[in-house]
Amino acid sequence: MMKTLHLTNTQSDIETASAILREGGLVAMPTETVYGLAANALDGEAVRRIFEAKGRPMDNPLIVHVADFSDIKRLRLVSEIPEKAVKLAKAFWPGPLTIIMPKGNVIPDEVSAGLSTVAIRIPSHPDAQKLLKTSGLALAAPSANTSGKPSPTTAQHVIDDMEGRIEAVIDGGSCSVGVESTVITLATDMPRILRPGLITREEIEAVIGAIEVDHAVLHQLENNEKASSPGMKYKHYAPRTRVVLLRGSDERYITYMNRLYARDPHIAALCYDEDKPQLDMPCITIGGMEDEKAQAQALFDALRAVDDLDDVNTVYAHCPKATGVGMALYNRLIRAAAFEVIDLPEKRIIGLTGQTGAGKSEAARLLGACGLPVISADEAARRAVEDSEVKAMLCAAFGDVLLPDGNLNRQLVAKIAFSTPENTETLNHITHPKISEIMLAQAKECESDTVIFDASQLFEAHQDVFCHRIIGVLADPAIRRERIMQRDGLNREEAELRMSAQLSEEFFLTHCDDILYNNGSADAFQNAVRDYKERLVRG
């Protein structure tokens, strides 16, 4: 393992770094965006070492950094400079904008990943400028991190990833921007943003007119689609800890997180300053909701801090709006999450659950009669097992459980699934996600802003996380037992066995927001449900 020099930004250390670069070595340099891992851009062998040090696939193009616009012509980096490139350079260089142009013959394939274009940038960071001017080189410099990890915004981040792999690191303090540069290509009929950054679409359009945003900015690349810019890969900027993006209103984010944490203490939140006082779990914040520049500067620090959380296996990020600088934040987060996104419902969902024999079904009927849409988990379950993927998973788990016509043999599935607790858990694991998907889709189609989820297994199916409030319908055990015996033709022992298989009354009292008791007459319960509906409508 080589010795990595830890350099300062003194002129003497800059000259040492310049000598390393001229000799084909690698130096991590600060820029205003993130720390870059620099090599002589015109030395294909030196550039190849960047990929080796990062563990980065060589099908990912690199950005070439120069000190001044005149260096582009002097070094013959491009075959032509479009007029729009000149306008963009005057408006934004030096600064966090990368322009893709037709490449010159001097650009090795290691830099362009075999493409006919090259990405050029002039950084504004004074230390990057000193290194570029002192070395006299054009420097290929992707982010100075292990490939796929969050980009480094301090020298210590670089040392954590690159110690012993590269010749030197220049410590220039924390990066002021915090996310990589905006990348725009001028090699298409209409200029196109390939990677969003601090310089927004709106700012660019004010200089050169209409531009497009590449589909891969907000979505993953199609199979076999070649990356035309850094940062377009499926998973990128990712900590070791699983990241999930929650897309929805601020209120829904808070509700989802607190309900999930009540069930799973091994989660944390990646959120805004305003969220933290309302959340029960560990939080890593990235700034105020309205301060997108502060969020950008804090994002990669926050993603690295995720792995320092004790006993946390999943971090749920509050999804930013994909506009302005927020587009850059969304672009990084969705790749850090490997495109694992949960869309939170816009509707106000009221969960209705309770113990068998307590009267949940009657409460659902009464709420429906009062004008509230009621979505039945039982009905959704019947639809779920008709899904081809669900049937395939049930066959894989329980054997051939299909009838000759291809429909599910429900009686056989029930017999197998309820024969052991393990089989029951397998059935739930297969069917519950599809049931929730169907119910959420139905809720989205409802005209009413408030929707009732009628689900006896609301908590077991993890549907509680989507609920604005949860109603638990309870009754005294003796009353429930008599109702079950009369309703299902069971004896006392069979009824009590069914009751004991359910969640306890204490669980419902702890986890439900509202309790409706059904110990009296039918009229009394009907009045209680109607009163509750009126309170619900009043908010």
# chains A, B, ... in the order shown; residues from 1 in each chain; ligands from 1

$ select_by_dssp --residues "segment 63-183 of chain A" --states "helix (DSSP H, G or I)" --output "PyMOL selection string"
chain A and resi 70-74+83-92+109-112+126-135+155-162

$ select_by_dssp --residues "segment 255-429 of chain A" --states "strand (DSSP E or B)" --output "PyMOL selection string"
chain A and resi 267-271+283-285+314-318+341-343+348-354+374-376+402+408

$ closest_atom_pairs --of "segment 121-221 of chain A" --to "segment 294-301 of chain A" --cutoff "10 Å" --atoms "only C-alpha atoms" --output "tab-separated table"
residue	atom	partner	partner_atom	distance
A:Lys149	CA	A:Phe300	CA	9.3
A:Pro150	CA	A:Phe300	CA	5.6
A:Ser151	CA	A:Phe300	CA	6.1
A:Pro152	CA	A:Phe300	CA	7.0
A:Thr153	CA	A:Asp301	CA	7.1
A:Thr154	CA	A:Asp301	CA	8.7
A:His157	CA	A:Asp301	CA	8.8
A:Ser174	CA	A:Gln297	CA	9.1
A:Cys175	CA	A:Gln297	CA	7.4
A:Ser176	CA	A:Gln297	CA	6.4
A:Val177	CA	A:Gln297	CA	5.1
A:Gly178	CA	A:Gln297	CA	3.8
A:Val179	CA	A:Ala296	CA	5.9
A:Glu180	CA	A:Ala296	CA	9.5
A:Gly197	CA	A:Ala296	CA	8.7
A:Leu198	CA	A:Ala296	CA	7.9

$ atom_distance --atom1 "atom CA of Ala155 of chain A" --atom2 "atom CA of Met29 of chain A"
8.5 Å

$ residues_around --residues "Pro96 of chain A" --least-positions-apart "3" --cutoff "9 Å" --atoms "only C-alpha atoms" --output "PyMOL selection string"
chain A and resi 32-33+92-93+121-124+177+180-183+197-199

$ write_last_selection --atoms "C-alpha atoms" --output "short mmCIF file (atom, residue, chain, number, x, y, z; two decimals), in the first residue's frame"
data_model
loop_
_atom_site.label_atom_id
_atom_site.label_comp_id
_atom_site.auth_asym_id
_atom_site.auth_seq_id
_atom_site.Cartn_x
_atom_site.Cartn_y
_atom_site.Cartn_z
CA GLU A 32 -16.54 24.19 -4.69
CA THR A 33 -18.80 21.19 -5.44
CA PHE A 92 -21.38 30.62 -15.06
CA TRP A 93 -17.63 29.97 -15.29
CA ARG A 121 -15.61 22.52 -16.32
CA ILE A 122 -13.77 25.49 -14.81
CA PRO A 123 -13.95 25.21 -11.01
CA SER A 124 -14.12 28.36 -8.88
CA VAL A 177 -21.77 23.81 -2.81
CA GLU A 180 -21.60 17.87 -8.05
CA SER A 181 -21.86 20.35 -10.91
CA THR A 182 -24.80 20.68 -13.25
CA VAL A 183 -23.97 18.83 -16.49
CA GLY A 197 -26.78 20.76 -9.66
CA LEU A 198 -26.70 24.17 -8.01
CA ILE A 199 -27.14 25.95 -11.36
#
